[in-house]
>>> print(open('protein.txt').read())   # compact mmCIF, C-alpha atoms and all ligand atoms
# COMPACT_ATOMS: atom_id res chain seq x y z
CA MET A 1 54.04 109.59 136.98
CA ARG A 2 56.17 109.12 133.89
CA ILE A 3 58.86 111.66 132.97
CA ASP A 4 60.78 111.68 129.69
CA ALA A 5 63.53 114.15 128.84
CA ILE A 6 65.05 114.66 125.40
CA THR A 7 68.53 116.22 125.31
CA ILE A 8 71.87 116.17 123.52
CA PHE A 9 73.51 115.74 126.97
CA PRO A 10 71.90 112.72 128.69
CA GLU A 11 74.71 112.75 131.30
CA TYR A 12 73.25 115.93 132.79
CA PHE A 13 70.44 113.81 134.23
CA ALA A 14 72.63 111.48 136.31
CA PRO A 15 71.56 113.19 139.61
CA LEU A 16 68.02 111.82 139.13
CA GLN A 17 69.37 108.50 140.48
CA LEU A 18 70.04 110.15 143.87
CA SER A 19 68.03 111.00 146.96
CA LEU A 20 64.23 111.32 146.90
CA ILE A 21 63.89 111.07 143.11
CA GLY A 22 66.10 107.97 142.95
CA LYS A 23 64.09 106.36 145.75
CA ALA A 24 60.78 107.29 144.08
CA GLN A 25 61.93 105.42 140.96
CA GLU A 26 62.94 102.35 142.99
CA ARG A 27 59.50 102.41 144.64
CA GLY A 28 57.71 102.66 141.29
CA ILE A 29 56.09 106.03 142.08
CA LEU A 30 58.07 107.59 139.25
CA GLU A 31 59.42 106.30 135.93
CA VAL A 32 62.13 108.45 134.28
CA LYS A 33 63.59 107.91 130.82
CA ILE A 34 66.24 110.08 129.16
CA TYR A 35 66.51 110.17 125.37
CA ASP A 36 69.56 111.28 123.38
CA LEU A 37 68.29 113.64 120.67
CA ARG A 38 71.13 112.53 118.35
CA ASP A 39 69.58 109.05 118.22
CA PHE A 40 66.80 110.64 116.14
CA THR A 41 69.12 112.15 113.50
CA SER A 42 69.47 110.46 110.11
CA ASP A 43 72.70 111.99 108.74
CA ASN A 44 76.23 110.65 109.31
CA HIS A 45 77.23 113.68 111.39
CA HIS A 46 74.17 113.46 113.69
CA THR A 47 73.43 117.13 113.06
CA VAL A 48 70.94 118.77 115.43
CA ASP A 49 71.34 122.48 114.59
CA ASP A 50 71.62 124.89 111.68
CA THR A 51 71.98 128.64 111.00
CA PRO A 52 68.97 130.90 111.68
CA TYR A 53 66.80 132.19 108.83
CA GLY A 54 67.01 135.98 108.77
CA GLY A 55 70.61 135.91 109.98
CA GLY A 56 72.06 136.65 113.38
CA ALA A 57 74.26 134.98 115.93
CA GLY A 58 74.12 131.37 117.04
CA MET A 59 72.45 128.21 115.84
CA VAL A 60 68.87 126.91 115.94
CA MET A 61 67.87 123.31 116.61
CA LYS A 62 66.41 121.65 113.52
CA PRO A 63 62.68 120.85 113.54
CA GLU A 64 62.90 117.45 111.76
CA VAL A 65 65.00 115.80 114.45
CA TRP A 66 62.76 117.17 117.24
CA GLY A 67 59.66 116.03 115.33
CA ASP A 68 61.06 112.49 114.94
CA ALA A 69 61.94 112.37 118.66
CA LEU A 70 58.62 113.77 119.88
CA ASP A 71 56.55 111.52 117.58
CA GLN A 72 58.19 108.58 119.41
CA VAL A 73 57.90 109.91 122.93
CA LEU A 74 54.50 111.67 123.01
CA THR A 75 51.52 109.69 124.29
CA PRO A 76 47.85 110.64 124.55
CA ASP A 77 47.41 112.67 127.74
CA SER A 78 50.87 114.19 128.08
CA ASP A 79 52.32 117.59 128.86
CA LEU A 80 55.14 118.66 126.54
CA ILE A 81 57.38 121.18 128.29
CA ILE A 82 59.68 123.15 126.00
CA LEU A 83 62.43 124.82 128.03
CA THR A 84 63.21 128.35 126.86
CA PRO A 85 64.23 131.58 128.62
CA ALA A 86 61.34 133.20 126.69
CA GLY A 87 58.74 130.89 128.29
CA ARG A 88 56.24 131.35 131.11
CA ARG A 89 57.94 131.64 134.51
CA PHE A 90 57.97 128.44 136.55
CA ASP A 91 56.69 128.77 140.14
CA GLN A 92 55.23 126.64 142.92
CA ARG A 93 51.72 126.96 141.44
CA MET A 94 52.93 125.56 138.12
CA ALA A 95 54.78 122.78 139.98
CA GLU A 96 51.47 121.81 141.64
CA GLU A 97 49.69 121.77 138.26
CA PHE A 98 52.36 119.59 136.64
CA ALA A 99 52.38 117.27 139.68
CA ALA A 100 48.82 116.27 138.65
CA SER A 101 50.00 115.15 135.18
CA LYS A 102 50.45 111.49 134.20
CA HIS A 103 53.24 112.10 131.69
CA LEU A 104 55.69 115.01 131.43
CA ILE A 105 58.07 115.38 128.49
CA PHE A 106 60.96 117.84 128.83
CA ALA A 107 62.35 119.07 125.50
CA CYS A 108 65.76 120.58 126.29
CA GLY A 109 66.90 123.16 123.77
CA ARG A 110 70.51 124.28 123.40
CA TYR A 111 72.03 127.08 121.32
CA GLU A 112 69.44 129.75 120.40
CA GLY A 113 66.62 127.27 121.00
CA ILE A 114 64.39 124.97 118.96
CA ASP A 115 62.81 125.98 115.62
CA ALA A 116 59.56 127.71 116.64
CA ARG A 117 57.45 125.45 114.40
CA VAL A 118 57.97 122.49 116.75
CA GLY A 119 55.91 124.05 119.56
CA GLN A 120 53.42 125.36 117.00
CA TYR A 121 53.00 121.93 115.38
CA TYR A 122 52.20 120.04 118.59
CA SER A 123 49.85 122.84 119.76
CA GLN A 124 47.47 122.06 116.88
CA GLU A 125 43.93 120.77 117.44
CA GLN A 126 44.72 117.18 116.38
CA PHE A 127 47.15 116.94 119.33
CA HIS A 128 44.99 118.98 121.70
CA SER A 129 42.15 116.49 121.14
CA GLN A 130 44.54 113.68 122.23
CA SER A 131 45.13 115.73 125.40
CA ILE A 132 48.67 116.68 124.38
CA ARG A 133 49.35 120.08 125.91
CA VAL A 134 52.37 122.24 124.99
CA HIS A 135 53.98 124.56 127.56
CA GLU A 136 56.92 126.89 126.96
CA VAL A 137 58.56 127.38 130.34
CA SER A 138 61.47 129.40 131.80
CA ILE A 139 62.78 129.00 135.35
CA GLY A 140 63.77 132.65 135.82
CA ASP A 141 65.09 135.85 134.34
CA TYR A 142 68.62 134.79 133.40
CA VAL A 143 70.01 132.79 130.49
CA LEU A 144 71.32 129.23 130.86
CA GLY A 145 73.32 127.32 128.27
CA GLY A 146 70.41 124.97 127.73
CA GLY A 147 67.26 123.50 129.18
CA GLU A 148 68.89 120.58 131.03
CA VAL A 149 69.49 122.29 134.38
CA ALA A 150 66.09 124.00 134.12
CA SER A 151 64.50 120.56 133.63
CA LEU A 152 66.27 119.23 136.73
CA VAL A 153 64.97 122.17 138.76
CA MET A 154 61.42 121.55 137.57
CA ILE A 155 61.62 117.77 138.04
CA GLU A 156 62.80 118.19 141.63
CA ALA A 157 60.11 120.77 142.47
CA ILE A 158 57.34 118.68 140.84
CA THR A 159 58.23 115.17 142.00
CA ARG A 160 58.59 116.04 145.69
CA LEU A 161 54.86 116.92 145.55
CA LEU A 162 53.87 113.40 144.41
CA PRO A 163 52.18 111.25 147.06
CA GLY A 164 54.73 108.95 148.72
CA VAL A 165 57.87 110.81 147.62
CA LEU A 166 58.47 112.76 150.85
CA GLY A 167 58.95 110.83 154.09
CA ASN A 168 56.67 113.23 155.94
CA PRO A 169 54.06 114.93 153.70
CA ASP A 170 53.32 117.43 156.51
CA SER A 171 56.52 119.13 155.30
CA LEU A 172 54.54 120.41 152.31
CA VAL A 173 51.96 122.28 154.37
CA GLU A 174 53.98 124.97 156.15
CA GLU A 175 56.86 125.39 153.69
CA SER A 176 57.75 128.51 151.75
CA HIS A 177 55.53 129.22 148.70
CA ALA A 178 52.93 126.65 149.86
CA HIS A 179 50.51 129.61 149.84
CA GLU A 180 50.79 132.76 147.73
CA GLY A 181 53.62 134.94 149.03
CA PHE A 182 54.20 132.76 152.10
CA LEU A 183 57.77 132.27 153.30
CA GLU A 184 58.60 129.79 156.03
CA TYR A 185 59.59 130.93 159.53
CA PRO A 186 63.20 130.28 160.62
CA ASN A 187 63.95 126.81 162.04
CA TYR A 188 66.28 125.74 164.87
CA THR A 189 67.48 122.49 166.40
CA LYS A 190 69.83 121.51 169.24
CA PRO A 191 72.05 122.76 170.83
CA PRO A 192 70.11 125.59 172.55
CA ILE A 193 73.17 127.88 172.34
CA TRP A 194 75.58 127.66 169.42
CA ARG A 195 78.62 130.01 169.23
CA ASP A 196 76.94 132.34 171.73
CA ILE A 197 73.72 132.53 169.70
CA PRO A 198 70.66 131.25 171.58
CA VAL A 199 67.54 129.72 170.04
CA PRO A 200 64.60 132.19 170.44
CA GLU A 201 63.31 131.56 173.96
CA VAL A 202 59.67 131.13 172.98
CA LEU A 203 60.55 127.95 171.03
CA LEU A 204 61.78 126.33 174.28
CA SER A 205 58.72 127.46 176.26
CA GLY A 206 56.38 124.60 175.41
CA ASN A 207 53.64 127.23 174.90
CA HIS A 208 52.12 126.08 171.59
CA ALA A 209 49.94 129.16 171.08
CA ALA A 210 52.90 131.50 171.69
CA ILE A 211 55.08 129.44 169.33
CA ALA A 212 52.42 129.55 166.60
CA LYS A 213 52.14 133.33 166.97
CA TRP A 214 55.94 133.80 166.89
CA ARG A 215 56.18 131.68 163.73
CA ALA A 216 53.34 133.57 162.02
CA ASP A 217 54.99 136.92 162.89
CA GLU A 218 58.38 135.74 161.59
CA ALA A 219 56.81 134.43 158.37
CA ALA A 220 55.04 137.79 157.87
CA ARG A 221 58.30 139.67 158.53
CA ARG A 222 60.09 137.59 155.86
CA ALA A 223 57.27 138.09 153.37
CA LYS A 224 57.45 141.88 153.94
CA ASN A 225 61.25 142.03 153.57
CA GLN A 226 60.96 140.10 150.30
CA LEU A 227 59.01 142.92 148.60
CL1 LIG B 1 64.21 126.92 130.46
N1 LIG B 1 66.44 127.63 129.27
C1 LIG B 1 67.51 128.43 129.13
N2 LIG B 1 68.38 128.16 128.13
N3 LIG B 1 67.77 129.46 129.90
C2 LIG B 1 66.89 129.69 130.88
C3 LIG B 1 65.76 128.91 131.09
C4 LIG B 1 65.56 127.87 130.25
N4 LIG B 1 65.08 129.41 132.14
C5 LIG B 1 65.78 130.46 132.55
N5 LIG B 1 66.86 130.64 131.80
>>> encode(input="protein.txt", output="C-alpha cells", more="lines below")
Ligand code: 6GU
Amino acid sequence: MRIDAITIFPEYFAPLQLSLIGKAQERGILEVKIYDLRDFTSDNHHTVDDTPYGGGAGMVMKPEVWGDALDQVLTPDSDLIILTPAGRRFDQRMAEEFAASKHLIFACGRYEGIDARVGQYYSQEQFHSQSIRVHEVSIGDYVLGGGEVASLVMIEAITRLLPGVLGNPDSLVEESHAHEGFLEYPNYTKPPIWRDIPVPEVLLSGNHAAIAKWRADEAARRAKNQL
C-alpha cells in the first residue's frame, strides 16, 4: 500500500517511523510520503489560507494550493481522504475498507477547513472514471486543531490490518470491534496473584470449553455495559 499525506505540519508524522508502521515501511509492505502543502504555493509568503466568503470567524484553506498539490499526488485508483469534523465517522468497518485500497491520500485541513470546491472538484465523473474516490472523514464527535492527528489515528488503524504488518495475524480475529458491537474479553498474564488480586480461576483450569464460555460471557457483559 502507498500512503501520502499533505499537511502544513510534516513534523506531525514523525511517529510513522516507529513500531509496526516503521517496520512495515522497512519491509516494503507500506510506502509513506509526507508532502508540505506550502511547497505548492506560488507567492512569496507561501499563503495557504484566506478569509471566508460570507464572513465569520477563522480562515479557510485556499483551493488553488490544494488543487496544485492534489494534481501532483493523485494517481488512477486512489482514495482521497479529506479530514474534517463534518465528515463521515471513521470506524473499524471503514478501516477494513481502506485497508483494501492501493493508494490512500490524506488531505489535512487546518483552520476552518479546506474550500469546499476541492472535494467537489475531485468528486466529478472525470476523476471517478479514473477510480479516484473522495471521502470526507471525521474520527469522532469533537474538534481537533487539524487533520494531522486524525490521519495518524486512521493510518494506524488501517495499516495494522495489512497482511504481514502484525506479528501474529490471529490477534485480529478476537479483538474488539472485529465484529459489529464486539468488545474483547479481559486479558491476564503472570503472576497469578498481583497485589492481592487473583486471575479468574477458570483461566488457570486448562478447561478450554469453560474458558471459551467465560470469555464469551465477559465479552457480552462488556458489550451490554457499553450501551
Ligand atoms: Cl478529521 N479534523 C478535525 N479538525 N477535527 C476532528 C476530526 C478531523 N475528526 C474529529 N474531529
>>> closest_atom_pairs(input="protein.txt", of="region 89-202 of chain A", to="region 54-69 of chain A", cutoff="12 Å", atoms="only C-alpha atoms", output="tab-separated table")
residue	atom	partner	partner_atom	distance
A:Ile105	CA	A:Ala69	CA	11.0
A:Phe106	CA	A:Ala69	CA	11.6
A:Ala107	CA	A:Trp66	CA	8.5
A:Cys108	CA	A:Trp66	CA	10.1
A:Gly109	CA	A:Met61	CA	7.2
A:Arg110	CA	A:Met61	CA	7.3
A:Tyr111	CA	A:Met59	CA	5.6
A:Glu112	CA	A:Val60	CA	5.3
A:Gly113	CA	A:Val60	CA	5.5
A:Ile114	CA	A:Met61	CA	4.5
A:Asp115	CA	A:Pro63	CA	5.5
A:Ala116	CA	A:Pro63	CA	8.1
A:Arg117	CA	A:Pro63	CA	7.0
A:Val118	CA	A:Pro63	CA	5.9
A:Gly119	CA	A:Pro63	CA	9.6
A:Gln120	CA	A:Pro63	CA	10.9
A:Tyr121	CA	A:Gly67	CA	8.9
A:Tyr122	CA	A:Gly67	CA	9.1
A:Gly145	CA	A:Gly58	CA	12.0
A:Gly146	CA	A:Met61	CA	11.5
>>> residues_around(input="protein.txt", residues="Arg89 (chain A)", least_positions_apart="3", cutoff="9 Å", atoms="only C-alpha atoms", output="ChimeraX atom specification")
/A:85-86,94,136-141
>>> axis_aligned_box(input="protein.txt", around="ligand LIG 1 (chain B)", padding_each_side="5 Å", output="JSON")
{"center_x": 66.3, "center_y": 128.8, "center_z": 130.3, "size_x": 14.2, "size_y": 13.7, "size_z": 14.4}
>>> residues_near_point(input="protein.txt", point="(58.9, 122.7, 148.6)", cutoff="12 Å", atoms="all atoms listed in the file", output="ChimeraX atom specification")
/A:91-93,95-96,153-162,165-166,169-179,182-184
>>> write_last_selection(input="protein.txt", atoms="C-alpha atoms", output="compact mmCIF listing (two decimals), keeping the file's coordinate frame")
# COMPACT_ATOMS: atom_id res chain seq x y z
CA ASP A 91 56.69 128.77 140.14
CA GLN A 92 55.23 126.64 142.92
CA ARG A 93 51.72 126.96 141.44
CA ALA A 95 54.78 122.78 139.98
CA GLU A 96 51.47 121.81 141.64
CA VAL A 153 64.97 122.17 138.76
CA MET A 154 61.42 121.55 137.57
CA ILE A 155 61.62 117.77 138.04
CA GLU A 156 62.80 118.19 141.63
CA ALA A 157 60.11 120.77 142.47
CA ILE A 158 57.34 118.68 140.84
CA THR A 159 58.23 115.17 142.00
CA ARG A 160 58.59 116.04 145.69
CA LEU A 161 54.86 116.92 145.55
CA LEU A 162 53.87 113.40 144.41
CA VAL A 165 57.87 110.81 147.62
CA LEU A 166 58.47 112.76 150.85
CA PRO A 169 54.06 114.93 153.70
CA ASP A 170 53.32 117.43 156.51
CA SER A 171 56.52 119.13 155.30
CA LEU A 172 54.54 120.41 152.31
CA VAL A 173 51.96 122.28 154.37
CA GLU A 174 53.98 124.97 156.15
CA GLU A 175 56.86 125.39 153.69
CA SER A 176 57.75 128.51 151.75
CA HIS A 177 55.53 129.22 148.70
CA ALA A 178 52.93 126.65 149.86
CA HIS A 179 50.51 129.61 149.84
CA PHE A 182 54.20 132.76 152.10
CA LEU A 183 57.77 132.27 153.30
CA GLU A 184 58.60 129.79 156.03
>>> closest_residue(input="protein.txt", among="A:Pro186, A:Gly87, A:Pro15, A:Pro192", to="ligand LIG 1 (chain B)", atoms="only C-alpha atoms and all ligand atoms")
A:Gly87
>>> atom_distance(input="protein.txt", atom1="CA of Ser151 (chain A)", atom2="CA of Glu26 (chain A)")
20.5 Å
>>> closest_residue(input="protein.txt", among="A:Ile132, A:Ile81, A:Ala99, A:Val202", to="ligand LIG 1 (chain B)", atoms="all atoms listed in the file")
A:Ile81
>>> atom_distance(input="protein.txt", atom1="CA of Thr84 (chain A)", atom2="CA of His135 (chain A)")
10.0 Å
>>> atom_distance(input="protein.txt", atom1="CA of Leu30 (chain A)", atom2="CA of Ile3 (chain A)")
7.5 Å
>>> closest_residue(input="protein.txt", among="A:His46, A:Tyr53, A:Ala100, A:Lys224", to="Pro163 (chain A)", atoms="all atoms listed in the file")
A:Ala100
>>> residues_around(input="protein.txt", residues="region 33-37 of chain A", least_positions_apart="2", cutoff="7 Å", atoms="only C-alpha atoms", output="VMD selection string")
chain A and resid 3 to 10 31 39 to 40 69
>>> closest_residue(input="protein.txt", among="A:Ala210, A:Gly164, A:Ile197, A:Arg38", to="Lys23 (chain A)", atoms="all atoms listed in the file")
A:Gly164
>>> closest_residue(input="protein.txt", among="A:Ser205, A:Gly181, A:Leu152, A:Thr51", to="Gln17 (chain A)", atoms="all atoms listed in the file")
A:Leu152
>>> residues_near_point(input="protein.txt", point="(54.9, 140.0, 154.4)", cutoff="12 Å", atoms="all atoms listed in the file", output="PDB file with C-alpha atoms, in the coordinates of the input")
ATOM      1  CA  GLU A 180      50.790 132.760 147.730  1.00  0.00           C
ATOM      2  CA  GLY A 181      53.620 134.940 149.030  1.00  0.00           C
ATOM      3  CA  PHE A 182      54.200 132.760 152.100  1.00  0.00           C
ATOM      4  CA  LEU A 183      57.770 132.270 153.300  1.00  0.00           C
ATOM      5  CA  GLU A 184      58.600 129.790 156.030  1.00  0.00           C
ATOM      6  CA  TYR A 185      59.590 130.930 159.530  1.00  0.00           C
ATOM      7  CA  ALA A 216      53.340 133.570 162.020  1.00  0.00           C
ATOM      8  CA  ASP A 217      54.990 136.920 162.890  1.00  0.00           C
ATOM      9  CA  GLU A 218      58.380 135.740 161.590  1.00  0.00           C
ATOM     10  CA  ALA A 219      56.810 134.430 158.370  1.00  0.00           C
ATOM     11  CA  ALA A 220      55.040 137.790 157.870  1.00  0.00           C
ATOM     12  CA  ARG A 221      58.300 139.670 158.530  1.00  0.00           C
ATOM     13  CA  ARG A 222      60.090 137.590 155.860  1.00  0.00           C
ATOM     14  CA  ALA A 223      57.270 138.090 153.370  1.00  0.00           C
ATOM     15  CA  LYS A 224      57.450 141.880 153.940  1.00  0.00           C
ATOM     16  CA  ASN A 225      61.250 142.030 153.570  1.00  0.00           C
ATOM     17  CA  GLN A 226      60.960 140.100 150.300  1.00  0.00           C
ATOM     18  CA  LEU A 227      59.010 142.920 148.600  1.00  0.00           C
TER      19      LEU A 227
END
>>> closest_residue(input="protein.txt", among="A:Arg88, A:Ser101, A:Glu201, A:Leu83", to="ligand LIG 1 (chain B)", atoms="only C-alpha atoms and all ligand atoms")
A:Leu83
>>> build_atoms(input="protein.txt", residues="region 10-35 of chain A", atoms="N, CA, C and O atoms", output="PDB file, in the frame of the given file")
ATOM      1  N   PRO A  10      72.585 113.594 127.723  1.00  0.00           N
ATOM      2  CA  PRO A  10      71.900 112.720 128.690  1.00  0.00           C
ATOM      3  C   PRO A  10      72.604 112.666 130.044  1.00  0.00           C
ATOM      4  O   PRO A  10      71.946 112.483 131.070  1.00  0.00           O
ATOM      5  N   GLU A  11      73.939 112.855 130.052  1.00  0.00           N
ATOM      6  CA  GLU A  11      74.710 112.750 131.300  1.00  0.00           C
ATOM      7  C   GLU A  11      74.298 113.793 132.336  1.00  0.00           C
ATOM      8  O   GLU A  11      74.523 113.606 133.536  1.00  0.00           O
ATOM      9  N   TYR A  12      73.725 114.897 131.859  1.00  0.00           N
ATOM     10  CA  TYR A  12      73.250 115.930 132.790  1.00  0.00           C
ATOM     11  C   TYR A  12      72.236 115.387 133.791  1.00  0.00           C
ATOM     12  O   TYR A  12      72.015 115.969 134.847  1.00  0.00           O
ATOM     13  N   PHE A  13      71.571 114.294 133.423  1.00  0.00           N
ATOM     14  CA  PHE A  13      70.440 113.810 134.230  1.00  0.00           C
ATOM     15  C   PHE A  13      70.838 112.742 135.245  1.00  0.00           C
ATOM     16  O   PHE A  13      69.983 112.193 135.925  1.00  0.00           O
ATOM     17  N   ALA A  14      72.151 112.484 135.355  1.00  0.00           N
ATOM     18  CA  ALA A  14      72.630 111.480 136.310  1.00  0.00           C
ATOM     19  C   ALA A  14      72.125 111.719 137.739  1.00  0.00           C
ATOM     20  O   ALA A  14      71.811 110.762 138.444  1.00  0.00           O
ATOM     21  N   PRO A  15      72.015 112.971 138.222  1.00  0.00           N
ATOM     22  CA  PRO A  15      71.560 113.190 139.610  1.00  0.00           C
ATOM     23  C   PRO A  15      70.158 112.656 139.905  1.00  0.00           C
ATOM     24  O   PRO A  15      69.795 112.516 141.072  1.00  0.00           O
ATOM     25  N   LEU A  16      69.375 112.339 138.871  1.00  0.00           N
ATOM     26  CA  LEU A  16      68.020 111.820 139.130  1.00  0.00           C
ATOM     27  C   LEU A  16      68.060 110.428 139.760  1.00  0.00           C
ATOM     28  O   LEU A  16      67.027 109.930 140.194  1.00  0.00           O
ATOM     29  N   GLN A  17      69.252 109.803 139.807  1.00  0.00           N
ATOM     30  CA  GLN A  17      69.370 108.500 140.480  1.00  0.00           C
ATOM     31  C   GLN A  17      69.498 108.672 141.999  1.00  0.00           C
ATOM     32  O   GLN A  17      69.432 107.699 142.737  1.00  0.00           O
ATOM     33  N   LEU A  18      69.728 109.911 142.458  1.00  0.00           N
ATOM     34  CA  LEU A  18      70.040 110.150 143.870  1.00  0.00           C
ATOM     35  C   LEU A  18      68.807 110.512 144.683  1.00  0.00           C
ATOM     36  O   LEU A  18      67.787 110.909 144.137  1.00  0.00           O
ATOM     37  N   SER A  19      68.937 110.383 146.002  1.00  0.00           N
ATOM     38  CA  SER A  19      68.030 111.000 146.960  1.00  0.00           C
ATOM     39  C   SER A  19      66.563 110.645 146.717  1.00  0.00           C
ATOM     40  O   SER A  19      66.256 109.520 146.311  1.00  0.00           O
ATOM     41  N   LEU A  20      65.675 111.580 146.959  1.00  0.00           N
ATOM     42  CA  LEU A  20      64.230 111.320 146.900  1.00  0.00           C
ATOM     43  C   LEU A  20      63.781 110.820 145.528  1.00  0.00           C
ATOM     44  O   LEU A  20      62.939 109.934 145.430  1.00  0.00           O
ATOM     45  N   ILE A  21      64.345 111.415 144.467  1.00  0.00           N
ATOM     46  CA  ILE A  21      63.890 111.070 143.110  1.00  0.00           C
ATOM     47  C   ILE A  21      64.375 109.669 142.740  1.00  0.00           C
ATOM     48  O   ILE A  21      63.647 108.896 142.100  1.00  0.00           O
ATOM     49  N   GLY A  22      65.594 109.328 143.157  1.00  0.00           N
ATOM     50  CA  GLY A  22      66.100 107.970 142.950  1.00  0.00           C
ATOM     51  C   GLY A  22      65.247 106.945 143.674  1.00  0.00           C
ATOM     52  O   GLY A  22      64.863 105.916 143.107  1.00  0.00           O
ATOM     53  N   LYS A  23      64.920 107.260 144.924  1.00  0.00           N
ATOM     54  CA  LYS A  23      64.090 106.360 145.750  1.00  0.00           C
ATOM     55  C   LYS A  23      62.691 106.210 145.141  1.00  0.00           C
ATOM     56  O   LYS A  23      62.136 105.112 145.117  1.00  0.00           O
ATOM     57  N   ALA A  24      62.131 107.321 144.665  1.00  0.00           N
ATOM     58  CA  ALA A  24      60.780 107.290 144.080  1.00  0.00           C
ATOM     59  C   ALA A  24      60.759 106.362 142.858  1.00  0.00           C
ATOM     60  O   ALA A  24      59.768 105.667 142.621  1.00  0.00           O
ATOM     61  N   GLN A  25      61.858 106.328 142.109  1.00  0.00           N
ATOM     62  CA  GLN A  25      61.930 105.420 140.960  1.00  0.00           C
ATOM     63  C   GLN A  25      62.016 103.970 141.429  1.00  0.00           C
ATOM     64  O   GLN A  25      61.352 103.091 140.869  1.00  0.00           O
ATOM     65  N   GLU A  26      62.829 103.713 142.452  1.00  0.00           N
ATOM     66  CA  GLU A  26      62.940 102.350 142.990  1.00  0.00           C
ATOM     67  C   GLU A  26      61.587 101.859 143.496  1.00  0.00           C
ATOM     68  O   GLU A  26      61.240 100.689 143.345  1.00  0.00           O
ATOM     69  N   ARG A  27      60.805 102.777 144.078  1.00  0.00           N
ATOM     70  CA  ARG A  27      59.500 102.410 144.640  1.00  0.00           C
ATOM     71  C   ARG A  27      58.394 102.323 143.592  1.00  0.00           C
ATOM     72  O   ARG A  27      57.258 101.986 143.925  1.00  0.00           O
ATOM     73  N   GLY A  28      58.705 102.729 142.352  1.00  0.00           N
ATOM     74  CA  GLY A  28      57.710 102.660 141.290  1.00  0.00           C
ATOM     75  C   GLY A  28      56.702 103.803 141.276  1.00  0.00           C
ATOM     76  O   GLY A  28      55.715 103.759 140.549  1.00  0.00           O
ATOM     77  N   ILE A  29      56.958 104.849 142.068  1.00  0.00           N
ATOM     78  CA  ILE A  29      56.090 106.030 142.080  1.00  0.00           C
ATOM     79  C   ILE A  29      56.357 106.857 140.826  1.00  0.00           C
ATOM     80  O   ILE A  29      55.493 107.568 140.316  1.00  0.00           O
ATOM     81  N   LEU A  30      57.588 106.721 140.320  1.00  0.00           N
ATOM     82  CA  LEU A  30      58.070 107.590 139.250  1.00  0.00           C
ATOM     83  C   LEU A  30      58.867 106.725 138.271  1.00  0.00           C
ATOM     84  O   LEU A  30      59.633 105.851 138.677  1.00  0.00           O
ATOM     85  N   GLU A  31      58.641 106.981 136.961  1.00  0.00           N
ATOM     86  CA  GLU A  31      59.420 106.300 135.930  1.00  0.00           C
ATOM     87  C   GLU A  31      60.064 107.377 135.061  1.00  0.00           C
ATOM     88  O   GLU A  31      59.358 108.208 134.486  1.00  0.00           O
ATOM     89  N   VAL A  32      61.408 107.407 135.021  1.00  0.00           N
ATOM     90  CA  VAL A  32      62.130 108.450 134.280  1.00  0.00           C
ATOM     91  C   VAL A  32      62.897 107.810 133.138  1.00  0.00           C
ATOM     92  O   VAL A  32      63.579 106.801 133.334  1.00  0.00           O
ATOM     93  N   LYS A  33      62.783 108.385 131.943  1.00  0.00           N
ATOM     94  CA  LYS A  33      63.590 107.910 130.820  1.00  0.00           C
ATOM     95  C   LYS A  33      64.213 109.106 130.108  1.00  0.00           C
ATOM     96  O   LYS A  33      63.535 110.089 129.822  1.00  0.00           O
ATOM     97  N   ILE A  34      65.507 109.000 129.824  1.00  0.00           N
ATOM     98  CA  ILE A  34      66.240 110.080 129.160  1.00  0.00           C
ATOM     99  C   ILE A  34      66.575 109.634 127.736  1.00  0.00           C
ATOM    100  O   ILE A  34      67.099 108.535 127.540  1.00  0.00           O
ATOM    101  N   TYR A  35      66.247 110.463 126.776  1.00  0.00           N
ATOM    102  CA  TYR A  35      66.510 110.170 125.370  1.00  0.00           C
ATOM    103  C   TYR A  35      67.602 111.078 124.832  1.00  0.00           C
ATOM    104  O   TYR A  35      67.588 112.291 125.102  1.00  0.00           O
TER     105      TYR A  35
END
